[in-house]
Amino acid sequence: MAKDTLKDRAYAIIKEKIIDCTYAPATFLVESELMQQVGASRTPIREALNKLEQENLVRILPKRGVLVSEITMRTLDEVYEVRFLVEPYIVRTYAHLLAREALAAEREQVEKSAALPTGLQLHRVDNDLHQMLLNVAGNAYLRAMMDNIYGQNNRIRVFSGQKVDSRRIETCREHMEILDLLLAGEYERAAGAMTRHLENSKATAVRALLAAPGGRAL
């Protein structure tokens with residue numbers, strides 16, 4: 001297997017385990033264990049870890065090892081600061097490029113999710129709208145930044161133990177409001193609705209993080 005392929009494989013596997021908190025925040029990664037789990041030699045593992053450090057998912061500490069980045073209130077604040085700046089902008093600037101058929105199909109999925117007895121599919125439906133807007137922007141630099149932000153957002157969600165049902169109905173209503181405004185061509189109002197949705201999501205994340213074992217208000 002080519003070196004770049006091994007590096008990419010190592011990067012993808014380690015990143016996924018960091019994002020879903022299999023590799024818990026504030027724990028050290030053992031290089032020999034990573035080599036065994038990924039099935040790669042030391043060089044691809046180290047190259048993958050260097051890339052993950054650039055994305056603030058790990059910290060490489062000289063003579064100590066590789067630490068999975070902590071999740072603190074500052075992490076949450078910084079993630080949502082970017083989301084507040086970028087996502088309403090994407091709505092204002094690019095949402096007019098979305099096909100009505102795609103918007104209508106997404107609204108139907110959100111409505112179905114709201115009617116389910118549990119919110120097991122909510123994270124997927126929630127992510128779909130944000131990814132749809134990111135995709136239509138077609139900006140590779142925005143995508144690289146927001147992929148990292150969404151990864152961090154998922155870490156916060158998993159680490160803080162947010163329950164999928166805790167905001168299911170509210171999230172679905174907020175998404176349907178955004179989608180209805182987009183279908184009506186009300187892009188400025190849709191951007192405002194997106195901001196309110198993010199404010200409510202952040203408030204929920206803050207409460208969950210503070211209540212979580214090991215939650216920190218730093």
# chains A, B, ... in the order shown; residues from 1 in each chain; ligands from 1
>>> residues_around(residues="stretch 131-138 of chain A", least_positions_apart="3", cutoff="10 Å", atoms="only C-alpha atoms", output="mmCIF file with all heavy atoms, in the first residue's frame")
data_model
loop_
_atom_site.group_PDB
_atom_site.id
_atom_site.type_symbol
_atom_site.label_atom_id
_atom_site.label_comp_id
_atom_site.auth_asym_id
_atom_site.auth_seq_id
_atom_site.Cartn_x
_atom_site.Cartn_y
_atom_site.Cartn_z
ATOM 1 N N VAL A 86 -20.126 32.094 10.026
ATOM 2 C CA VAL A 86 -20.099 31.476 8.704
ATOM 3 C C VAL A 86 -21.465 31.009 8.215
ATOM 4 O O VAL A 86 -21.841 31.266 7.059
ATOM 5 C CB VAL A 86 -19.098 30.298 8.687
ATOM 6 C CG1 VAL A 86 -19.182 29.527 7.366
ATOM 7 C CG2 VAL A 86 -17.688 30.818 8.909
ATOM 8 N N GLU A 87 -22.229 30.332 9.052
ATOM 9 C CA GLU A 87 -23.437 29.682 8.542
ATOM 10 C C GLU A 87 -24.529 30.658 8.110
ATOM 11 O O GLU A 87 -25.128 30.467 7.033
ATOM 12 C CB GLU A 87 -23.932 28.640 9.538
ATOM 13 C CG GLU A 87 -22.934 27.496 9.671
ATOM 14 C CD GLU A 87 -23.426 26.332 10.500
ATOM 15 O OE1 GLU A 87 -24.463 25.737 10.156
ATOM 16 O OE2 GLU A 87 -22.761 26.014 11.504
ATOM 17 N N PRO A 88 -24.819 31.721 8.862
ATOM 18 C CA PRO A 88 -25.770 32.700 8.325
ATOM 19 C C PRO A 88 -25.264 33.360 7.037
ATOM 20 O O PRO A 88 -26.057 33.649 6.131
ATOM 21 C CB PRO A 88 -25.908 33.725 9.463
ATOM 22 C CG PRO A 88 -25.566 32.944 10.690
ATOM 23 C CD PRO A 88 -24.476 32.019 10.260
ATOM 24 N N ILE A 90 -23.429 31.911 4.739
ATOM 25 C CA ILE A 90 -23.673 30.954 3.655
ATOM 26 C C ILE A 90 -25.123 31.016 3.213
ATOM 27 O O ILE A 90 -25.422 30.977 2.015
ATOM 28 C CB ILE A 90 -23.288 29.532 4.095
ATOM 29 C CG1 ILE A 90 -21.763 29.421 4.240
ATOM 30 C CG2 ILE A 90 -23.796 28.492 3.099
ATOM 31 C CD1 ILE A 90 -21.289 28.080 4.776
ATOM 32 N N VAL A 91 -26.035 31.126 4.169
ATOM 33 C CA VAL A 91 -27.461 31.230 3.815
ATOM 34 C C VAL A 91 -27.705 32.469 2.960
ATOM 35 O O VAL A 91 -28.364 32.405 1.913
ATOM 36 C CB VAL A 91 -28.337 31.261 5.083
ATOM 37 C CG1 VAL A 91 -29.792 31.557 4.723
ATOM 38 C CG2 VAL A 91 -28.244 29.934 5.836
ATOM 39 N N THR A 93 -25.640 34.207 1.162
ATOM 40 C CA THR A 93 -24.844 34.322 -0.053
ATOM 41 C C THR A 93 -25.111 33.224 -1.070
ATOM 42 O O THR A 93 -25.073 33.479 -2.284
ATOM 43 C CB THR A 93 -23.343 34.327 0.307
ATOM 44 O OG1 THR A 93 -23.106 35.324 1.312
ATOM 45 C CG2 THR A 93 -22.488 34.642 -0.918
ATOM 46 N N TYR A 94 -25.388 32.019 -0.587
ATOM 47 C CA TYR A 94 -25.427 30.873 -1.499
ATOM 48 C C TYR A 94 -26.754 30.121 -1.544
ATOM 49 O O TYR A 94 -26.953 29.310 -2.458
ATOM 50 C CB TYR A 94 -24.331 29.874 -1.120
ATOM 51 C CG TYR A 94 -22.935 30.408 -1.268
ATOM 52 C CD1 TYR A 94 -22.191 30.777 -0.149
ATOM 53 C CD2 TYR A 94 -22.348 30.546 -2.523
ATOM 54 C CE1 TYR A 94 -20.896 31.262 -0.273
ATOM 55 C CE2 TYR A 94 -21.053 31.038 -2.658
ATOM 56 C CZ TYR A 94 -20.329 31.385 -1.525
ATOM 57 O OH TYR A 94 -19.055 31.872 -1.662
ATOM 58 N N ALA A 95 -27.638 30.354 -0.577
ATOM 59 C CA ALA A 95 -28.839 29.511 -0.494
ATOM 60 C C ALA A 95 -29.722 29.625 -1.734
ATOM 61 O O ALA A 95 -30.478 28.699 -2.046
ATOM 62 C CB ALA A 95 -29.641 29.854 0.762
ATOM 63 N N HIS A 96 -29.631 30.742 -2.451
ATOM 64 C CA HIS A 96 -30.455 30.896 -3.653
ATOM 65 C C HIS A 96 -30.080 29.887 -4.741
ATOM 66 O O HIS A 96 -30.852 29.675 -5.689
ATOM 67 C CB HIS A 96 -30.326 32.327 -4.206
ATOM 68 C CG HIS A 96 -28.980 32.628 -4.789
ATOM 69 N ND1 HIS A 96 -27.881 32.924 -4.002
ATOM 70 C CD2 HIS A 96 -28.532 32.643 -6.077
ATOM 71 C CE1 HIS A 96 -26.832 33.135 -4.782
ATOM 72 N NE2 HIS A 96 -27.203 32.962 -6.042
ATOM 73 N N LEU A 97 -28.925 29.244 -4.589
ATOM 74 C CA LEU A 97 -28.478 28.260 -5.571
ATOM 75 C C LEU A 97 -29.103 26.880 -5.337
ATOM 76 O O LEU A 97 -28.999 26.004 -6.196
ATOM 77 C CB LEU A 97 -26.955 28.132 -5.541
ATOM 78 C CG LEU A 97 -26.168 29.412 -5.877
ATOM 79 C CD1 LEU A 97 -24.675 29.179 -5.644
ATOM 80 C CD2 LEU A 97 -26.420 29.833 -7.316
ATOM 81 N N LEU A 98 -29.717 26.690 -4.188
ATOM 82 C CA LEU A 98 -30.310 25.393 -3.875
ATOM 83 C C LEU A 98 -31.571 25.155 -4.706
ATOM 84 O O LEU A 98 -32.413 26.042 -4.843
ATOM 85 C CB LEU A 98 -30.669 25.313 -2.390
ATOM 86 C CG LEU A 98 -29.495 25.169 -1.414
ATOM 87 C CD1 LEU A 98 -29.953 25.431 0.005
ATOM 88 C CD2 LEU A 98 -28.876 23.771 -1.522
ATOM 89 N N ALA A 99 -31.694 23.950 -5.218
ATOM 90 C CA ALA A 99 -32.894 23.591 -5.979
ATOM 91 C C ALA A 99 -34.075 23.440 -5.040
ATOM 92 O O ALA A 99 -33.940 22.906 -3.931
ATOM 93 C CB ALA A 99 -32.651 22.285 -6.728
ATOM 94 N N ALA A 102 -34.624 19.914 -3.797
ATOM 95 C CA ALA A 102 -33.754 19.482 -2.704
ATOM 96 C C ALA A 102 -34.234 20.044 -1.370
ATOM 97 O O ALA A 102 -34.233 19.345 -0.353
ATOM 98 C CB ALA A 102 -32.314 19.916 -2.979
ATOM 99 N N LEU A 103 -34.657 21.306 -1.379
ATOM 100 C CA LEU A 103 -35.165 21.918 -0.150
ATOM 101 C C LEU A 103 -36.434 21.220 0.312
ATOM 102 O O LEU A 103 -36.610 20.944 1.509
ATOM 103 C CB LEU A 103 -35.446 23.403 -0.383
ATOM 104 C CG LEU A 103 -34.220 24.303 -0.568
ATOM 105 C CD1 LEU A 103 -34.650 25.686 -1.056
ATOM 106 C CD2 LEU A 103 -33.444 24.426 0.734
ATOM 107 N N GLU A 106 -35.612 17.836 1.762
ATOM 108 C CA GLU A 106 -35.008 17.973 3.091
ATOM 109 C C GLU A 106 -36.073 18.301 4.124
ATOM 110 O O GLU A 106 -36.065 17.751 5.232
ATOM 111 C CB GLU A 106 -33.929 19.052 3.073
ATOM 112 C CG GLU A 106 -33.268 19.311 4.415
ATOM 113 C CD GLU A 106 -32.517 18.121 4.964
ATOM 114 O OE1 GLU A 106 -32.195 17.186 4.189
ATOM 115 O OE2 GLU A 106 -32.251 18.100 6.182
ATOM 116 N N VAL A 125 -30.210 14.036 10.340
ATOM 117 C CA VAL A 125 -31.070 15.033 9.703
ATOM 118 C C VAL A 125 -30.566 16.439 9.994
ATOM 119 O O VAL A 125 -30.545 17.311 9.117
ATOM 120 C CB VAL A 125 -32.531 14.869 10.179
ATOM 121 C CG1 VAL A 125 -33.404 15.994 9.645
ATOM 122 C CG2 VAL A 125 -33.093 13.517 9.713
ATOM 123 N N ASP A 126 -30.112 16.660 11.233
ATOM 124 C CA ASP A 126 -29.563 17.961 11.605
ATOM 125 C C ASP A 126 -28.348 18.289 10.744
ATOM 126 O O ASP A 126 -28.224 19.382 10.194
ATOM 127 C CB ASP A 126 -29.187 17.940 13.087
ATOM 128 C CG ASP A 126 -28.718 19.296 13.593
ATOM 129 O OD1 ASP A 126 -29.140 20.316 13.024
ATOM 130 O OD2 ASP A 126 -27.930 19.332 14.541
ATOM 131 N N ASN A 127 -27.455 17.319 10.601
ATOM 132 C CA ASN A 127 -26.250 17.551 9.806
ATOM 133 C C ASN A 127 -26.568 17.761 8.329
ATOM 134 O O ASN A 127 -25.854 18.495 7.637
ATOM 135 C CB ASN A 127 -25.286 16.369 9.961
ATOM 136 C CG ASN A 127 -24.678 16.297 11.349
ATOM 137 O OD1 ASN A 127 -24.599 17.298 12.051
ATOM 138 N ND2 ASN A 127 -24.265 15.117 11.756
ATOM 139 N N ASP A 128 -27.621 17.101 7.840
ATOM 140 C CA ASP A 128 -27.948 17.179 6.408
ATOM 141 C C ASP A 128 -28.171 18.618 5.950
ATOM 142 O O ASP A 128 -27.684 19.018 4.896
ATOM 143 C CB ASP A 128 -29.194 16.350 6.087
ATOM 144 C CG ASP A 128 -28.887 14.865 6.007
ATOM 145 O OD1 ASP A 128 -27.697 14.497 6.019
ATOM 146 O OD2 ASP A 128 -29.848 14.066 5.943
ATOM 147 N N TYR A 141 -12.182 26.198 0.646
ATOM 148 C CA TYR A 141 -11.601 26.689 1.893
ATOM 149 C C TYR A 141 -12.638 26.700 3.009
ATOM 150 O O TYR A 141 -12.338 26.354 4.157
ATOM 151 C CB TYR A 141 -11.014 28.084 1.678
ATOM 152 C CG TYR A 141 -9.891 28.091 0.665
ATOM 153 C CD1 TYR A 141 -10.116 28.488 -0.644
ATOM 154 C CD2 TYR A 141 -8.608 27.666 1.015
ATOM 155 C CE1 TYR A 141 -9.099 28.477 -1.588
ATOM 156 C CE2 TYR A 141 -7.581 27.651 0.085
ATOM 157 C CZ TYR A 141 -7.835 28.057 -1.218
ATOM 158 O OH TYR A 141 -6.815 28.031 -2.143
ATOM 159 N N LEU A 142 -13.857 27.103 2.672
ATOM 160 C CA LEU A 142 -14.942 27.022 3.644
ATOM 161 C C LEU A 142 -15.167 25.573 4.059
ATOM 162 O O LEU A 142 -15.377 25.286 5.240
ATOM 163 C CB LEU A 142 -16.237 27.594 3.056
ATOM 164 C CG LEU A 142 -16.487 29.089 3.184
ATOM 165 C CD1 LEU A 142 -17.811 29.452 2.528
ATOM 166 C CD2 LEU A 142 -16.490 29.532 4.645
ATOM 167 N N ARG A 143 -15.151 24.664 3.082
ATOM 168 C CA ARG A 143 -15.409 23.260 3.394
ATOM 169 C C ARG A 143 -14.359 22.714 4.350
ATOM 170 O O ARG A 143 -14.704 22.040 5.326
ATOM 171 C CB ARG A 143 -15.440 22.420 2.117
ATOM 172 C CG ARG A 143 -15.403 20.914 2.380
ATOM 173 C CD ARG A 143 -15.844 20.094 1.220
ATOM 174 N NE ARG A 143 -17.248 20.281 0.942
ATOM 175 C CZ ARG A 143 -18.228 19.789 1.697
ATOM 176 N NH1 ARG A 143 -17.949 19.099 2.785
ATOM 177 N NH2 ARG A 143 -19.476 20.002 1.386
ATOM 178 N N MET A 146 -15.048 24.203 7.806
ATOM 179 C CA MET A 146 -16.284 23.771 8.437
ATOM 180 C C MET A 146 -16.291 22.272 8.706
ATOM 181 O O MET A 146 -16.936 21.824 9.657
ATOM 182 C CB MET A 146 -17.481 24.187 7.586
ATOM 183 C CG MET A 146 -17.682 25.700 7.506
ATOM 184 S SD MET A 146 -17.697 26.526 9.132
ATOM 185 C CE MET A 146 -19.214 25.865 9.839
ATOM 186 N N ASP A 147 -15.599 21.485 7.911
ATOM 187 C CA ASP A 147 -15.485 20.064 8.234
ATOM 188 C C ASP A 147 -14.817 19.887 9.589
ATOM 189 O O ASP A 147 -15.222 19.041 10.401
ATOM 190 C CB ASP A 147 -14.677 19.331 7.151
ATOM 191 C CG ASP A 147 -15.507 19.031 5.910
ATOM 192 O OD1 ASP A 147 -16.743 19.192 5.956
ATOM 193 O OD2 ASP A 147 -14.904 18.643 4.884
ATOM 194 N N TYR A 150 -17.375 21.079 12.284
ATOM 195 C CA TYR A 150 -18.433 20.103 12.531
ATOM 196 C C TYR A 150 -17.895 18.889 13.279
ATOM 197 O O TYR A 150 -18.601 18.281 14.090
ATOM 198 C CB TYR A 150 -19.088 19.684 11.216
ATOM 199 C CG TYR A 150 -19.914 20.777 10.563
ATOM 200 C CD1 TYR A 150 -19.994 20.879 9.184
ATOM 201 C CD2 TYR A 150 -20.604 21.707 11.335
ATOM 202 C CE1 TYR A 150 -20.745 21.887 8.581
ATOM 203 C CE2 TYR A 150 -21.343 22.716 10.751
ATOM 204 C CZ TYR A 150 -21.421 22.804 9.368
ATOM 205 O OH TYR A 150 -22.157 23.804 8.769
#
>>> residues_around(residues="A:Val79", least_positions_apart="5", cutoff="12 Å", atoms="only C-alpha atoms", output="JSON, numbers by chain")
{"A": [56, 71, 72, 73, 74, 84, 85, 86, 87, 145, 146, 147, 148, 149, 150, 151, 152, 153, 154, 155, 156, 157, 198, 201, 202, 205, 206]}
>>> residues_around(residues="A:Ser41", least_positions_apart="6", cutoff="10 Å", atoms="only C-alpha atoms", output="list in words")
Lys3, Leu6, Lys7, Ala10, Glu31, Ser32, Leu34 and Met35 of chain A
>>> write_last_selection(atoms="all heavy atoms", output="mmCIF file, in the first residue's frame")
data_model
loop_
_atom_site.group_PDB
_atom_site.id
_atom_site.type_symbol
_atom_site.label_atom_id
_atom_site.label_comp_id
_atom_site.auth_asym_id
_atom_site.auth_seq_id
_atom_site.Cartn_x
_atom_site.Cartn_y
_atom_site.Cartn_z
ATOM 1 N N LYS A 3 2.505 4.889 0.562
ATOM 2 C CA LYS A 3 2.685 5.648 1.805
ATOM 3 C C LYS A 3 1.556 6.646 2.031
ATOM 4 O O LYS A 3 1.016 6.753 3.131
ATOM 5 C CB LYS A 3 4.040 6.369 1.761
ATOM 6 C CG LYS A 3 4.312 7.251 2.967
ATOM 7 C CD LYS A 3 5.646 7.959 2.798
ATOM 8 C CE LYS A 3 5.840 9.010 3.876
ATOM 9 N NZ LYS A 3 7.088 9.760 3.682
ATOM 10 N N LEU A 6 -1.574 4.915 3.193
ATOM 11 C CA LEU A 6 -1.483 4.533 4.604
ATOM 12 C C LEU A 6 -1.660 5.736 5.515
ATOM 13 O O LEU A 6 -2.320 5.659 6.541
ATOM 14 C CB LEU A 6 -0.131 3.863 4.867
ATOM 15 C CG LEU A 6 0.009 2.415 4.406
ATOM 16 C CD1 LEU A 6 1.444 1.958 4.537
ATOM 17 C CD2 LEU A 6 -0.918 1.506 5.210
ATOM 18 N N LYS A 7 -1.060 6.858 5.131
ATOM 19 C CA LYS A 7 -1.223 8.077 5.934
ATOM 20 C C LYS A 7 -2.684 8.495 5.969
ATOM 21 O O LYS A 7 -3.218 8.855 7.027
ATOM 22 C CB LYS A 7 -0.374 9.209 5.351
ATOM 23 C CG LYS A 7 -0.481 10.517 6.126
ATOM 24 C CD LYS A 7 0.229 11.659 5.421
ATOM 25 C CE LYS A 7 -0.531 12.096 4.179
ATOM 26 N NZ LYS A 7 0.077 13.285 3.541
ATOM 27 N N ALA A 10 -4.600 6.099 8.168
ATOM 28 C CA ALA A 10 -4.319 6.369 9.576
ATOM 29 C C ALA A 10 -5.045 7.624 10.038
ATOM 30 O O ALA A 10 -5.651 7.650 11.117
ATOM 31 C CB ALA A 10 -2.814 6.519 9.781
ATOM 32 N N GLU A 31 1.614 5.409 20.580
ATOM 33 C CA GLU A 31 1.991 5.222 19.183
ATOM 34 C C GLU A 31 1.981 3.748 18.773
ATOM 35 O O GLU A 31 1.481 3.399 17.701
ATOM 36 C CB GLU A 31 3.368 5.822 18.939
ATOM 37 C CG GLU A 31 3.748 5.915 17.475
ATOM 38 C CD GLU A 31 5.074 6.628 17.283
ATOM 39 O OE1 GLU A 31 6.115 5.945 17.385
ATOM 40 O OE2 GLU A 31 5.068 7.848 17.048
ATOM 41 N N SER A 32 2.492 2.881 19.614
ATOM 42 C CA SER A 32 2.538 1.456 19.269
ATOM 43 C C SER A 32 1.136 0.872 19.120
ATOM 44 O O SER A 32 0.891 0.019 18.254
ATOM 45 C CB SER A 32 3.328 0.678 20.328
ATOM 46 O OG SER A 32 2.724 0.807 21.606
ATOM 47 N N LEU A 34 -1.556 2.638 18.222
ATOM 48 C CA LEU A 34 -2.092 3.192 16.982
ATOM 49 C C LEU A 34 -1.579 2.408 15.781
ATOM 50 O O LEU A 34 -2.335 2.120 14.842
ATOM 51 C CB LEU A 34 -1.717 4.669 16.849
ATOM 52 C CG LEU A 34 -2.320 5.632 17.869
ATOM 53 C CD1 LEU A 34 -1.773 7.041 17.634
ATOM 54 C CD2 LEU A 34 -3.834 5.644 17.792
ATOM 55 N N MET A 35 -0.303 2.059 15.796
ATOM 56 C CA MET A 35 0.276 1.291 14.696
ATOM 57 C C MET A 35 -0.446 -0.044 14.534
ATOM 58 O O MET A 35 -0.747 -0.478 13.413
ATOM 59 C CB MET A 35 1.772 1.074 14.948
ATOM 60 C CG MET A 35 2.608 2.344 14.853
ATOM 61 S SD MET A 35 4.283 2.149 15.528
ATOM 62 C CE MET A 35 4.932 0.847 14.480
#
>>> select_by_dssp(residues="stretch 5-169 of chain A", states="strand (DSSP E)", output="list in words")
Phe28, Leu29, Val58, Arg59, Ile60, Leu61, Gly65, Val66, Leu67 and Val68 of chain A
>>> residues_around(residues="A:Leu57", least_positions_apart="3", cutoff="12 Å", atoms="only C-alpha atoms", output="MDAnalysis selection string")
chainID A and resid 11 14:21 23:27 29 48:54 60 66:71 75 148:149 151:153 155:156
>>> atom_distance(atom1="atom CA of A:Arg196", atom2="atom CA of A:Ser113")
20.3 Å
>>> atom_distance(atom1="atom CA of A:Val30", atom2="atom CA of A:Ile45")
10.7 Å
>>> decode(residues="stretch 88-98 of chain A", atoms="all heavy atoms", output="compact mmCIF listing (two decimals), in the first residue's frame")
# COMPACT_ATOMS: atom_id res chain seq x y z
N PRO A 88 -24.82 31.72 8.86
CA PRO A 88 -25.77 32.70 8.33
C PRO A 88 -25.26 33.36 7.04
O PRO A 88 -26.06 33.65 6.13
CB PRO A 88 -25.91 33.73 9.46
CG PRO A 88 -25.57 32.94 10.69
CD PRO A 88 -24.48 32.02 10.26
N TYR A 89 -23.95 33.57 6.95
CA TYR A 89 -23.37 34.13 5.72
C TYR A 89 -23.62 33.20 4.53
O TYR A 89 -23.97 33.67 3.43
CB TYR A 89 -21.87 34.34 5.92
CG TYR A 89 -21.12 34.61 4.64
CD1 TYR A 89 -21.12 35.87 4.05
CD2 TYR A 89 -20.43 33.58 3.98
CE1 TYR A 89 -20.45 36.11 2.86
CE2 TYR A 89 -19.75 33.82 2.80
CZ TYR A 89 -19.77 35.08 2.24
OH TYR A 89 -19.13 35.31 1.06
N ILE A 90 -23.43 31.91 4.74
CA ILE A 90 -23.67 30.95 3.66
C ILE A 90 -25.12 31.02 3.21
O ILE A 90 -25.42 30.98 2.02
CB ILE A 90 -23.29 29.53 4.10
CG1 ILE A 90 -21.76 29.42 4.24
CG2 ILE A 90 -23.80 28.49 3.10
CD1 ILE A 90 -21.29 28.08 4.78
N VAL A 91 -26.03 31.13 4.17
CA VAL A 91 -27.46 31.23 3.81
C VAL A 91 -27.71 32.47 2.96
O VAL A 91 -28.36 32.40 1.91
CB VAL A 91 -28.34 31.26 5.08
CG1 VAL A 91 -29.79 31.56 4.72
CG2 VAL A 91 -28.24 29.93 5.84
N ARG A 92 -27.18 33.61 3.41
CA ARG A 92 -27.41 34.86 2.67
C ARG A 92 -26.80 34.82 1.27
O ARG A 92 -27.38 35.35 0.33
CB ARG A 92 -26.78 36.03 3.43
CG ARG A 92 -27.45 36.40 4.72
CD ARG A 92 -26.84 37.68 5.29
NE ARG A 92 -27.43 38.01 6.57
CZ ARG A 92 -26.88 37.68 7.74
NH1 ARG A 92 -25.72 37.04 7.77
NH2 ARG A 92 -27.48 38.00 8.86
N THR A 93 -25.64 34.21 1.16
CA THR A 93 -24.84 34.32 -0.05
C THR A 93 -25.11 33.22 -1.07
O THR A 93 -25.07 33.48 -2.28
CB THR A 93 -23.34 34.33 0.31
OG1 THR A 93 -23.11 35.32 1.31
CG2 THR A 93 -22.49 34.64 -0.92
N TYR A 94 -25.39 32.02 -0.59
CA TYR A 94 -25.43 30.87 -1.50
C TYR A 94 -26.75 30.12 -1.54
O TYR A 94 -26.95 29.31 -2.46
CB TYR A 94 -24.33 29.87 -1.12
CG TYR A 94 -22.93 30.41 -1.27
CD1 TYR A 94 -22.19 30.78 -0.15
CD2 TYR A 94 -22.35 30.55 -2.52
CE1 TYR A 94 -20.90 31.26 -0.27
CE2 TYR A 94 -21.05 31.04 -2.66
CZ TYR A 94 -20.33 31.39 -1.53
OH TYR A 94 -19.05 31.87 -1.66
N ALA A 95 -27.64 30.35 -0.58
CA ALA A 95 -28.84 29.51 -0.49
C ALA A 95 -29.72 29.63 -1.73
O ALA A 95 -30.48 28.70 -2.05
CB ALA A 95 -29.64 29.85 0.76
N HIS A 96 -29.63 30.74 -2.45
CA HIS A 96 -30.46 30.90 -3.65
C HIS A 96 -30.08 29.89 -4.74
O HIS A 96 -30.85 29.68 -5.69
CB HIS A 96 -30.33 32.33 -4.21
CG HIS A 96 -28.98 32.63 -4.79
ND1 HIS A 96 -27.88 32.92 -4.00
CD2 HIS A 96 -28.53 32.64 -6.08
CE1 HIS A 96 -26.83 33.14 -4.78
NE2 HIS A 96 -27.20 32.96 -6.04
N LEU A 97 -28.92 29.24 -4.59
CA LEU A 97 -28.48 28.26 -5.57
C LEU A 97 -29.10 26.88 -5.34
O LEU A 97 -29.00 26.00 -6.20
CB LEU A 97 -26.95 28.13 -5.54
CG LEU A 97 -26.17 29.41 -5.88
CD1 LEU A 97 -24.67 29.18 -5.64
CD2 LEU A 97 -26.42 29.83 -7.32
N LEU A 98 -29.72 26.69 -4.19
CA LEU A 98 -30.31 25.39 -3.87
C LEU A 98 -31.57 25.16 -4.71
O LEU A 98 -32.41 26.04 -4.84
CB LEU A 98 -30.67 25.31 -2.39
CG LEU A 98 -29.49 25.17 -1.41
CD1 LEU A 98 -29.95 25.43 0.01
CD2 LEU A 98 -28.88 23.77 -1.52
